[in-house]
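Participant: So here's structure_30.csv (CSV, C-alpha atoms and all ligand atoms).
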chain,number,residue,atom,x,y,z
H,1,MET,CA,0.0,0.0,0.0
H,2,SER,CA,1.3,3.5,-0.8
H,3,THR,CA,-0.1,6.7,0.5
H,4,SER,CA,1.0,10.2,-0.2
H,5,PRO,CA,2.2,12.1,2.8
H,6,THR,CA,-0.6,14.7,2.6
H,7,SER,CA,-3.2,12.0,2.8
H,8,LEU,CA,-1.9,10.8,6.1
H,9,PRO,CA,-3.9,12.2,9.1
H,10,GLY,CA,-2.6,15.6,10.2
H,11,GLY,CA,-0.8,16.4,6.9
H,12,THR,CA,2.7,17.7,7.2
H,13,TRP,CA,5.0,19.9,9.4
H,14,THR,CA,8.3,21.5,8.7
H,15,LEU,CA,11.2,20.8,11.1
H,16,GLY,CA,13.7,23.5,10.1
H,17,ASP,CA,14.0,22.8,6.4
H,18,LEU,CA,12.7,19.2,6.6
H,19,THR,CA,9.1,18.4,5.7
H,20,VAL,CA,7.7,15.5,7.7
H,21,THR,CA,4.3,13.8,8.0
H,22,ARG,CA,2.7,14.7,11.3
H,23,PHE,CA,1.9,11.0,11.6
H,24,GLY,CA,5.4,9.5,12.3
H,25,TYR,CA,6.6,6.3,13.8
H,26,GLY,CA,8.6,5.5,17.0
H,27,ALA,CA,10.9,2.5,16.5
H,28,MET,CA,11.7,1.8,20.2
H,29,GLN,CA,9.2,-1.1,20.4
H,30,LEU,CA,11.0,-3.0,17.7
H,31,ALA,CA,13.9,-4.1,20.1
H,32,GLY,CA,13.6,-7.1,22.4
H,33,PRO,CA,11.8,-7.1,25.8
H,34,GLY,CA,12.8,-4.1,28.0
H,35,VAL,CA,14.2,-2.5,24.8
H,36,MET,CA,17.2,-4.8,25.1
H,37,GLY,CA,18.5,-7.2,22.4
H,38,PRO,CA,17.0,-8.3,19.1
H,39,PRO,CA,13.2,-8.6,18.4
H,40,ALA,CA,11.6,-12.0,18.8
H,41,ASP,CA,10.6,-11.9,15.2
H,42,ARG,CA,13.1,-10.0,13.0
H,43,ASP,CA,11.2,-10.4,9.8
H,44,SER,CA,8.1,-8.9,11.4
H,45,ALA,CA,10.1,-5.9,12.6
H,46,LEU,CA,11.5,-5.3,9.1
H,47,ALA,CA,8.0,-5.7,7.7
H,48,VAL,CA,6.7,-3.0,10.1
H,49,LEU,CA,9.5,-0.6,9.0
H,50,ARG,CA,8.8,-1.2,5.3
H,51,GLU,CA,5.1,-0.6,5.9
H,52,VAL,CA,6.0,2.7,7.6
H,53,ALA,CA,7.7,3.8,4.4
H,54,GLY,CA,5.0,2.3,2.2
H,55,LEU,CA,2.3,4.2,4.0
H,56,GLY,CA,4.1,7.4,3.2
H,57,ILE,CA,5.3,8.2,6.7
H,58,THR,CA,8.4,10.4,6.5
H,59,HIS,CA,9.4,10.7,10.2
H,60,ILE,CA,11.0,7.8,12.2
H,61,ASP,CA,12.1,8.3,15.7
H,62,THR,CA,14.9,6.1,17.0
H,63,SER,CA,18.0,6.0,19.2
H,64,ASP,CA,21.2,4.0,19.3
H,65,ALA,CA,20.3,3.2,23.0
H,66,TYR,CA,17.4,1.0,21.7
H,67,GLY,CA,18.7,-2.5,21.9
H,68,PRO,CA,21.4,-0.9,22.0
H,69,ARG,CA,21.9,-0.4,18.3
H,70,VAL,CA,19.2,-2.9,17.4
H,71,THR,CA,16.5,-0.5,16.1
H,72,ASN,CA,19.0,1.6,14.1
H,73,GLN,CA,20.4,-1.6,12.5
H,74,LEU,CA,16.8,-2.7,11.7
H,75,ILE,CA,16.0,0.7,10.1
H,76,ARG,CA,19.1,0.5,8.0
H,77,GLU,CA,18.4,-3.1,6.9
H,78,ALA,CA,14.8,-2.4,6.0
H,79,LEU,CA,15.1,1.0,4.4
H,80,HIS,CA,18.7,1.9,3.3
H,81,PRO,CA,19.3,3.6,0.9
H,82,TYR,CA,16.7,5.9,2.4
H,83,PRO,CA,14.2,7.8,0.2
H,84,GLU,CA,15.1,11.5,0.2
H,85,THR,CA,11.8,12.3,1.8
H,86,LEU,CA,12.4,10.1,4.9
H,87,HIS,CA,13.8,11.8,8.0
H,88,ILE,CA,15.2,9.8,10.8
H,89,VAL,CA,15.4,11.5,14.2
H,90,THR,CA,17.7,10.1,16.8
H,91,LYS,CA,18.7,11.0,20.3
H,92,VAL,CA,21.8,11.0,22.5
H,93,GLY,CA,22.3,11.6,26.2
H,94,ALA,CA,21.7,8.1,27.6
H,95,THR,CA,23.3,4.8,27.3
H,96,ARG,CA,22.4,1.3,28.5
H,97,ASP,CA,23.9,-0.8,31.3
H,98,ALA,CA,23.9,-4.6,31.6
H,99,GLN,CA,20.7,-4.5,33.7
H,100,GLY,CA,18.8,-2.7,31.0
H,101,GLY,CA,19.0,0.7,32.8
H,102,TRP,CA,19.4,4.0,31.0
H,103,PRO,CA,22.4,5.8,32.7
H,104,PRO,CA,23.0,9.3,31.5
H,105,ALA,CA,25.9,9.8,29.0
H,106,ARG,CA,26.2,13.5,28.6
H,107,ARG,CA,29.9,14.3,28.9
H,108,PRO,CA,31.2,15.9,25.7
H,109,GLU,CA,33.1,12.6,24.8
H,110,ASP,CA,29.8,10.6,25.3
H,111,VAL,CA,27.9,12.9,23.1
H,112,ARG,CA,30.5,12.9,20.3
H,113,ARG,CA,30.7,9.1,20.5
H,114,ALA,CA,26.9,8.7,20.4
H,115,VAL,CA,26.6,10.9,17.3
H,116,HIS,CA,29.3,9.0,15.4
H,117,GLU,CA,27.7,5.6,16.5
H,118,ASN,CA,24.3,6.8,15.2
H,119,LEU,CA,25.8,7.9,11.9
H,120,GLU,CA,27.5,4.5,11.6
H,121,SER,CA,24.6,2.3,12.6
H,122,LEU,CA,22.1,4.2,10.5
H,123,GLY,CA,24.5,4.3,7.5
H,124,LEU,CA,24.3,8.1,7.2
H,125,GLU,CA,26.8,10.9,6.6
H,126,VAL,CA,24.6,13.5,8.3
H,127,LEU,CA,21.9,13.1,10.9
H,128,ASP,CA,18.7,15.1,10.1
H,129,LEU,CA,17.8,15.8,13.7
H,130,VAL,CA,19.4,14.9,17.0
H,131,ASN,CA,17.6,15.3,20.3
H,132,LEU,CA,19.6,15.7,23.5
H,133,ARG,CA,17.8,13.5,26.0
H,134,LEU,CA,17.9,14.9,29.5
H,135,GLY,CA,16.6,13.9,32.9
H,136,ASP,CA,16.2,10.2,33.8
H,137,ALA,CA,13.6,7.4,33.8
H,138,GLN,CA,11.6,9.4,36.4
H,139,GLY,CA,11.2,12.3,34.0
H,140,PRO,CA,12.9,15.7,33.4
H,141,GLN,CA,15.3,16.9,36.2
H,142,PRO,CA,16.5,20.4,36.7
H,143,GLY,CA,20.1,21.4,35.8
H,144,SER,CA,22.1,23.0,33.0
H,145,LEU,CA,22.3,21.4,29.6
H,146,ALA,CA,25.0,23.8,28.4
H,147,GLU,CA,27.9,21.4,28.1
H,148,PRO,CA,26.2,18.5,26.2
H,149,PHE,CA,24.1,20.9,24.1
H,150,GLU,CA,27.1,23.0,23.1
H,151,THR,CA,28.9,19.8,22.1
H,152,LEU,CA,26.0,19.0,19.7
H,153,VAL,CA,26.2,22.6,18.3
H,154,GLU,CA,29.9,22.0,17.6
H,155,LEU,CA,29.0,18.7,15.8
H,156,GLN,CA,26.3,20.6,13.9
H,157,ARG,CA,28.9,23.2,12.8
H,158,GLN,CA,31.1,20.3,11.6
H,159,GLY,CA,28.2,19.3,9.3
H,160,LEU,CA,27.3,16.1,11.1
H,161,ILE,CA,23.9,17.2,12.2
H,162,ARG,CA,21.2,19.3,10.4
H,163,HIS,CA,18.9,20.2,13.3
H,164,LEU,CA,18.7,20.0,17.1
H,165,GLY,CA,16.1,19.3,19.7
H,166,VAL,CA,15.8,18.4,23.3
H,167,SER,CA,14.0,15.6,25.1
H,168,ASN,CA,12.7,14.8,28.6
H,169,ALA,CA,13.4,18.5,29.2
H,170,THR,CA,12.0,21.1,31.6
H,171,ALA,CA,10.7,24.4,30.2
H,172,GLU,CA,13.8,26.1,31.7
H,173,GLN,CA,16.1,23.7,29.8
H,174,VAL,CA,14.1,24.3,26.6
H,175,ALA,CA,14.7,28.1,27.1
H,176,GLU,CA,18.4,27.5,28.0
H,177,ALA,CA,18.9,25.5,24.7
H,178,GLN,CA,17.2,28.2,22.7
H,179,ALA,CA,19.6,30.8,24.1
H,180,ILE,CA,22.5,28.7,22.8
H,181,ALA,CA,21.2,27.6,19.4
H,182,PRO,CA,17.9,27.2,17.5
H,183,ILE,CA,15.9,24.0,18.2
H,184,VAL,CA,13.2,22.6,16.0
H,185,CYS,CA,11.5,20.2,18.4
H,186,VAL,CA,10.9,19.2,22.0
H,187,GLN,CA,10.2,15.5,22.7
H,188,ASN,CA,8.6,14.9,26.1
H,189,LEU,CA,6.2,12.5,27.8
H,190,TYR,CA,2.6,13.7,27.0
H,191,ASN,CA,-0.7,12.0,26.2
H,192,LEU,CA,-4.5,12.4,26.8
H,193,ALA,CA,-4.0,11.4,30.5
H,194,TYR,CA,-0.6,13.1,31.2
H,195,ARG,CA,-0.8,16.8,30.4
H,196,GLN,CA,2.2,18.3,32.3
H,197,ASP,CA,3.4,20.2,29.2
H,198,ASP,CA,0.1,21.9,28.1
H,199,GLU,CA,1.6,25.4,28.6
H,200,LEU,CA,4.9,24.5,26.9
H,201,ILE,CA,3.1,23.0,23.9
H,202,ASP,CA,1.2,26.3,23.4
H,203,GLU,CA,4.3,28.4,23.7
H,204,LEU,CA,6.2,26.2,21.2
H,205,ALA,CA,3.3,26.4,18.8
H,206,GLN,CA,3.6,30.2,18.8
H,207,GLN,CA,7.3,29.9,18.0
H,208,GLY,CA,6.7,27.3,15.2
H,209,ILE,CA,8.6,24.6,17.1
H,210,ALA,CA,7.3,21.0,17.0
H,211,TYR,CA,6.3,19.2,20.2
H,212,VAL,CA,6.7,15.4,19.8
H,213,PRO,CA,5.0,13.5,22.6
H,214,PHE,CA,6.6,10.2,23.6
H,215,PHE,CA,4.3,7.5,25.0
H,216,PRO,CA,1.4,8.9,23.0
H,217,LEU,CA,-0.5,5.7,23.7
H,218,GLY,CA,0.7,5.4,27.3
H,219,GLY,CA,4.0,3.6,26.5
H,220,PHE,CA,4.6,0.4,28.5
H,221,SER,CA,1.2,0.9,30.4
H,222,PRO,CA,-1.5,1.4,27.7
H,223,LEU,CA,-3.8,4.4,28.4
H,224,GLN,CA,-6.8,3.4,30.5
H,225,SER,CA,-9.7,5.7,31.2
H,226,SER,CA,-13.4,5.0,31.4
H,227,ALA,CA,-14.1,8.3,29.8
H,228,LEU,CA,-11.8,7.4,26.9
H,229,SER,CA,-13.4,3.9,26.5
H,230,SER,CA,-16.9,5.4,26.6
H,231,VAL,CA,-16.0,8.0,23.9
H,232,ALA,CA,-14.3,5.3,21.8
H,233,ALA,CA,-17.4,3.0,22.1
H,234,ARG,CA,-19.7,5.8,21.0
H,235,LEU,CA,-17.6,6.6,18.0
H,236,GLU,CA,-17.2,2.9,17.2
H,237,ALA,CA,-13.4,3.4,17.3
H,238,THR,CA,-10.6,2.0,19.5
H,239,PRO,CA,-9.2,4.0,22.5
H,240,MET,CA,-5.9,4.1,20.6
H,241,SER,CA,-7.5,5.8,17.6
H,242,VAL,CA,-9.2,8.4,19.8
H,243,ALA,CA,-6.0,9.1,21.8
H,244,LEU,CA,-4.0,9.7,18.5
H,245,ALA,CA,-6.8,11.8,16.9
H,246,TRP,CA,-7.0,13.9,20.1
H,247,LEU,CA,-3.3,14.6,19.9
H,248,LEU,CA,-3.6,15.8,16.3
H,249,HIS,CA,-6.5,18.0,17.3
H,250,ARG,CA,-4.7,19.3,20.4
H,251,SER,CA,-2.2,21.5,18.6
H,252,PRO,CA,-0.9,21.9,15.0
H,253,ASN,CA,2.7,21.6,16.2
H,254,ILE,CA,2.2,18.1,17.7
H,255,LEU,CA,3.9,15.3,15.7
H,256,LEU,CA,2.9,11.7,16.4
H,257,ILE,CA,5.5,8.9,16.9
H,258,PRO,CA,3.4,6.0,18.2
H,259,GLY,CA,5.3,2.8,18.5
H,260,THR,CA,4.2,-0.7,17.5
H,261,SER,CA,5.8,-4.0,16.5
H,262,SER,CA,2.7,-5.0,14.5
H,263,VAL,CA,1.8,-4.1,10.9
H,264,ALA,CA,-1.9,-4.5,11.7
H,265,HIS,CA,-1.6,-2.0,14.6
H,266,LEU,CA,0.3,0.4,12.5
H,267,ARG,CA,-2.3,0.4,9.8
H,268,GLY,CA,-5.1,0.7,12.4
H,269,ASN,CA,-3.4,3.6,14.1
H,270,VAL,CA,-3.0,5.5,10.8
H,271,ALA,CA,-6.6,4.9,9.9
H,272,GLY,CA,-7.8,5.7,13.5
H,273,ALA,CA,-5.9,9.0,13.8
H,274,SER,CA,-8.0,10.5,11.0
H,275,LEU,CA,-11.0,10.3,13.3
H,276,SER,CA,-12.8,13.6,13.4
H,277,LEU,CA,-13.7,14.7,17.0
H,278,SER,CA,-16.5,17.2,17.6
H,279,GLY,CA,-16.2,20.1,20.0
H,280,ASP,CA,-18.4,18.2,22.6
H,281,VAL,CA,-16.2,15.1,22.4
H,282,LEU,CA,-13.0,17.3,22.7
H,283,THR,CA,-14.4,18.9,25.9
H,284,GLU,CA,-15.2,15.5,27.3
H,285,LEU,CA,-11.7,14.1,26.5
H,286,ASP,CA,-10.1,17.3,27.8
H,287,LYS,CA,-11.3,16.5,31.3
H,288,ILE,CA,-9.4,13.2,31.5
H,289,GLY,CA,-5.9,14.7,32.1
H,290,ARG,CA,-6.9,17.9,33.8
H,301,LIG,N1,12.7,10.7,24.4
H,301,LIG,C1,12.5,9.7,25.2
H,301,LIG,O1,13.0,9.7,26.4
H,301,LIG,C2,11.6,8.6,24.8
H,301,LIG,C3,11.1,7.7,25.8
H,301,LIG,C4,10.2,6.7,25.3
H,301,LIG,C5,9.9,6.6,24.0
H,301,LIG,N2,10.4,7.5,23.1
H,301,LIG,C6,10.0,7.4,21.7
H,301,LIG,O2,8.6,7.5,21.6
H,301,LIG,C7,8.0,6.4,20.8
H,301,LIG,C8,6.6,6.1,21.2
H,301,LIG,O3,6.7,5.5,22.5
H,301,LIG,P1,6.3,4.0,22.8
H,301,LIG,O4,6.4,3.2,21.6
H,301,LIG,O5,7.2,3.5,23.9
H,301,LIG,O6,4.9,4.1,23.4
H,301,LIG,P2,3.4,4.3,22.7
H,301,LIG,O7,3.5,4.7,21.3
H,301,LIG,O8,2.7,5.1,23.7
H,301,LIG,O9,2.8,2.8,22.9
H,301,LIG,C9,3.3,1.7,22.2
H,301,LIG,C10,2.6,0.5,22.8
H,301,LIG,O10,1.3,0.5,22.3
H,301,LIG,C11,1.0,-0.7,21.7
H,301,LIG,N3,0.1,-0.4,20.5
H,301,LIG,C12,0.3,0.5,19.5
H,301,LIG,N4,-0.7,0.5,18.7
H,301,LIG,C13,-1.6,-0.4,19.1
H,301,LIG,C14,-2.9,-0.8,18.7
H,301,LIG,N5,-3.4,-0.3,17.6
H,301,LIG,N6,-3.6,-1.7,19.4
H,301,LIG,C15,-3.0,-2.2,20.6
H,301,LIG,N7,-1.8,-1.9,21.0
H,301,LIG,C16,-1.1,-0.9,20.3
H,301,LIG,C17,2.3,-1.3,21.2
H,301,LIG,O11,2.2,-2.7,21.2
H,301,LIG,P3,2.3,-3.5,19.8
H,301,LIG,O12,3.8,-3.6,19.5
H,301,LIG,O13,1.7,-4.8,20.2
H,301,LIG,O14,1.5,-2.8,18.8
H,301,LIG,C18,3.2,-0.8,22.3
H,301,LIG,O15,3.2,-1.7,23.4
H,301,LIG,C19,9.1,5.3,21.0
H,301,LIG,O16,9.0,4.4,19.9
H,301,LIG,C20,10.4,6.1,21.0
H,301,LIG,O17,10.8,6.3,19.6
H,301,LIG,C21,11.2,8.5,23.5
Output the file's structure in the form of structure tokens.
Facilitator:
Amino acid sequence: MSTSPTSLPGGTWTLGDLTVTRFGYGAMQLAGPGVMGPPADRDSALAVLREVAGLGITHIDTSDAYGPRVTNQLIREALHPYPETLHIVTKVGATRDAQGGWPPARRPEDVRRAVHENLESLGLEVLDLVNLRLGDAQGPQPGSLAEPFETLVELQRQGLIRHLGVSNATAEQVAEAQAIAPIVCVQNLYNLAYRQDDELIDELAQQGIAYVPFFPLGGFSPLQSSALSSVAARLEATPMSVALAWLLHRSPNILLIPGTSSVAHLRGNVAGASLSLSGDVLTELDKIGR
């Protein structure tokens, strides 16, 4: 199946000079359990990635920490040489330990190494967009991002990175990054039930900067809400569809990167996100996370 980008729900958005479909794909779920090691079914993982491209999706989110290296290698195997329209967004700032933890890796040498490893594993000479991942597994944490972010700016000046973003960041860290160099996106935890960044999303929208919610479907614990289930039943849709459609309605600068390891779920999510939500339904859904 092949779909033109503009026929995907939400249309397109411009990240710096890169046009991407607002309906993107998050590759993290393609690695093994706990985002460690290879997938149980490698062929299915490759099939999901080929379907992503076949559907006309032009934004894939990944990281060398997934696996580690596993999702980047799968992306390369499935899609390299990449179509010119496809933009792969990666992140640096965390590594993996033997227990599957995500220790920070934000010293200048860690950041440089991670950028070079992403280039190598993805088979690219330039990375389209690199997010500096901050905080920890508990969420954003206060503190200056200057040293690792300035290292990314240096790598950008060397021509290894086109655009920069931040992830798992506080509003203060977003402002600090912007005082150092332009950013084109912020990638933080946000969904229908978790609305900590409402104010930040609106501020970024005014500045023309994308907000890319991770865990749009609840991540490792699927979104559960009786209000969501009741709206979905009334609309004869799945809660996942309603949750994705709500994000597209929430603000024009929101880009979706739902994860899935299933071609059927991928197709269902693309179809479901085009659901039109009336003003009354939006008001009802708005109460879930307030
Ligand atoms: N910056 C960061 O710190 C950070 C942190 C976490 C994630 N991320 C990024 O954000 C992306 C999205 O997050 P995520 O993938 O963890 O969480 P998510 O998109 O909220 O949810 C993914 C989960 O939902 C399930 N799912 C998807 N579609 C479904 C459907 N139609 N029906 C039933 N289940 C469905 C998937 O299972 P199936 O595989 O069975 O479909 C998977 O378990 C990641 O892929 C990653 O790229 C970034």
Participant: Find the spatial neighbours of segment 83-85 of chain H, counting all atoms listed in the file, within a cut-off of 9 Å - ignore same-chain residues fewer than 2 positions away - and output them as a list of chain:residue names.
Facilitator: H:Leu18, H:Thr19, H:Val20, H:Ala53, H:Thr58, H:His59, H:Leu79, H:His80, H:Pro81, H:His87
Participant: Quick one: residues within 7 Å of ligand LIG 301 (chain H), with all atoms listed in the file, as a count of residues only?
Facilitator: 31
Participant: Rounded to one decimal in Å, what is the spacing between atom CA of Leu124 of chain H and atom CA of Val111 of chain H?
Facilitator: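 According to the coordinates, atom CA of Leu124 of chain H and atom CA of Val111 of chain H are separated by 17.0 Å.
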Participant: Atom CA of Ala78 of chain H to atom CA of Ser7 of chain H: how many Å, to one decimal?
Facilitator: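 Computing the Euclidean distance for atom CA of Ala78 of chain H and atom CA of Ser7 of chain H yields 23.3 Å.
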Participant: Have a look at H:Leu192, H:Leu235, H:Val126, H:Ile201 and name the one nearest to Thr170 of chain H; count all atoms listed in the file.
Facilitator: H:Ile201
Participant: List as a ChimeraX atom specification the protein and nucleic acid residues near Asp198 of chain H, meaning an atom at most 12 Å away when all atoms listed in the file are counted, but skip any in the same chain fewer than 5 places from it.
Facilitator: /H:171,188-193,203-205,211,213,247,250-251,254,286,289-290
Participant: Could you check the closest approach to Gly56 of chain H for each of H:Gly10, H:Pro252, H:Gly24, H:Pro148 and tell me which residue wins, using only C-alpha atoms?
Facilitator: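 Among the listed residues, H:Gly24 lies closest to Gly56 of chain H.
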Participant: So that I can check the surroundings of Glu150 of chain H, please list as a list in words every protein, DNA and RNA residue that reaches within 12 Å of it, counting all atoms listed in the file and ignoring chain neighbours fewer than 6 positions away.
Facilitator: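 Counting only the stated atoms, we get Arg106, Arg107, Pro108, Val111, Arg112, Leu132, Ser144, Gln156, Arg157, Leu164, Glu176, Ala177, Gln178, Ala179, Ile180, Ala181 and Pro182 of chain H.
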Participant: Any idea what the distance is between atom CA of Pro9 of chain H and atom CA of Ala210 of chain H?
Facilitator: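 Atom CA of Pro9 of chain H sits 16.3 Å away from atom CA of Ala210 of chain H.
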Participant: Looking at only C-alpha atoms, which of H:Gly143, H:Gly11, H:Gly272, H:Gly135 is the one that sits closest to Ala169 of chain H?
Facilitator: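 Among H:Gly143, H:Gly11, H:Gly272, H:Gly135, it is H:Gly135 that comes nearest to Ala169 of chain H.
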Participant: Please provide as an mmCIF file with C-alpha atoms, keeping the file's coordinate frame all residues within 12 Å of Glu284 of chain H, with the sequence filter that same-chain residues fewer than 6 positions apart are discarded (counting all atoms listed in the file).
Facilitator:
data_model
loop_
_atom_site.group_PDB
_atom_site.id
_atom_site.type_symbol
_atom_site.label_atom_id
_atom_site.label_comp_id
_atom_site.auth_asym_id
_atom_site.auth_seq_id
_atom_site.Cartn_x
_atom_site.Cartn_y
_atom_site.Cartn_z
ATOM 1 C CA LEU H 192 -4.500 12.400 26.800
ATOM 2 C CA SER H 225 -9.700 5.700 31.200
ATOM 3 C CA SER H 226 -13.400 5.000 31.400
ATOM 4 C CA ALA H 227 -14.100 8.300 29.800
ATOM 5 C CA LEU H 228 -11.800 7.400 26.900
ATOM 6 C CA SER H 229 -13.400 3.900 26.500
ATOM 7 C CA SER H 230 -16.900 5.400 26.600
ATOM 8 C CA VAL H 231 -16.000 8.000 23.900
ATOM 9 C CA ALA H 232 -14.300 5.300 21.800
ATOM 10 C CA VAL H 242 -9.200 8.400 19.800
ATOM 11 C CA TRP H 246 -7.000 13.900 20.100
ATOM 12 C CA LEU H 277 -13.700 14.700 17.000
ATOM 13 C CA SER H 278 -16.500 17.200 17.600
ATOM 14 C CA ARG H 290 -6.900 17.900 33.800
#
Participant: Could you give me, as a list in words, the residues within 12 Å of Val70 of chain H, counting all atoms listed in the file and dropping anything in the same chain fewer than 4 positions from it?
Facilitator: Ala27, Met28, Gln29, Leu30, Ala31, Gly32, Pro33, Val35, Met36, Gly37, Pro38, Pro39, Ala40, Arg42, Ala45, Leu46, Thr62, Ser63, Asp64, Ala65, Tyr66, Leu74, Ile75, Arg76, Glu77, Asn118, Ser121 and Leu122 of chain H
Participant: Could you tell me which of H:His163, H:Thr151, H:Arg234, H:Arg113 comes closest to Thr95 of chain H if we count all atoms listed in the file?
Facilitator: H:Arg113
Participant: Any chance you could model N, CA and C atoms for segment 183-204 of chain H and send them as a short mmCIF file (atom, residue, chain, number, x, y, z; two decimals), in the frame of the given file?
Facilitator:
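Saved file result28.cif follows:
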data_model
loop_
_atom_site.label_atom_id
_atom_site.label_comp_id
_atom_site.auth_asym_id
_atom_site.auth_seq_id
_atom_site.Cartn_x
_atom_site.Cartn_y
_atom_site.Cartn_z
N ILE H 183 16.40 25.39 18.17
CA ILE H 183 15.90 24.00 18.20
C ILE H 183 14.67 23.90 17.34
N VAL H 184 14.41 22.72 16.81
CA VAL H 184 13.20 22.60 16.00
C VAL H 184 12.15 21.69 16.62
N CYS H 185 12.50 21.03 17.74
CA CYS H 185 11.50 20.20 18.40
C CYS H 185 11.84 19.97 19.86
N VAL H 186 10.77 19.64 20.61
CA VAL H 186 10.90 19.20 22.00
C VAL H 186 10.17 17.83 22.05
N GLN H 187 10.85 16.80 22.57
CA GLN H 187 10.20 15.50 22.70
C GLN H 187 10.08 15.10 24.14
N ASN H 188 8.86 15.19 24.66
CA ASN H 188 8.60 14.90 26.10
C ASN H 188 7.44 13.96 26.24
N LEU H 189 7.29 13.42 27.45
CA LEU H 189 6.20 12.50 27.80
C LEU H 189 4.85 13.35 27.82
N TYR H 190 3.88 12.96 27.01
CA TYR H 190 2.60 13.70 27.00
C TYR H 190 1.57 12.78 26.29
N ASN H 191 0.40 12.73 26.84
CA ASN H 191 -0.70 12.00 26.20
C ASN H 191 -2.02 12.51 26.81
N LEU H 192 -3.11 11.96 26.35
CA LEU H 192 -4.50 12.40 26.80
C LEU H 192 -4.57 12.39 28.34
N ALA H 193 -3.87 11.47 29.01
CA ALA H 193 -4.00 11.40 30.50
C ALA H 193 -2.85 12.05 31.22
N TYR H 194 -1.81 12.45 30.50
CA TYR H 194 -0.60 13.10 31.20
C TYR H 194 -0.33 14.37 30.48
N ARG H 195 -0.73 15.47 31.13
CA ARG H 195 -0.80 16.80 30.40
C ARG H 195 0.14 17.82 31.05
N GLN H 196 1.27 17.37 31.62
CA GLN H 196 2.20 18.30 32.30
C GLN H 196 2.65 19.44 31.41
N ASP H 197 2.75 19.20 30.10
CA ASP H 197 3.40 20.20 29.20
C ASP H 197 2.37 21.04 28.43
N ASP H 198 1.13 21.12 28.89
CA ASP H 198 0.10 21.90 28.10
C ASP H 198 0.63 23.31 27.80
N GLU H 199 1.17 23.98 28.82
CA GLU H 199 1.60 25.40 28.60
C GLU H 199 2.78 25.43 27.62
N LEU H 200 3.73 24.50 27.79
CA LEU H 200 4.90 24.50 26.90
C LEU H 200 4.49 24.23 25.46
N ILE H 201 3.54 23.33 25.25
CA ILE H 201 3.10 23.00 23.90
C ILE H 201 2.56 24.31 23.22
N ASP H 202 1.76 25.07 23.96
CA ASP H 202 1.20 26.30 23.40
C ASP H 202 2.28 27.33 23.09
N GLU H 203 3.25 27.43 23.98
CA GLU H 203 4.30 28.40 23.70
C GLU H 203 5.16 27.99 22.51
N LEU H 204 5.44 26.68 22.39
CA LEU H 204 6.20 26.20 21.20
C LEU H 204 5.45 26.40 19.95
#
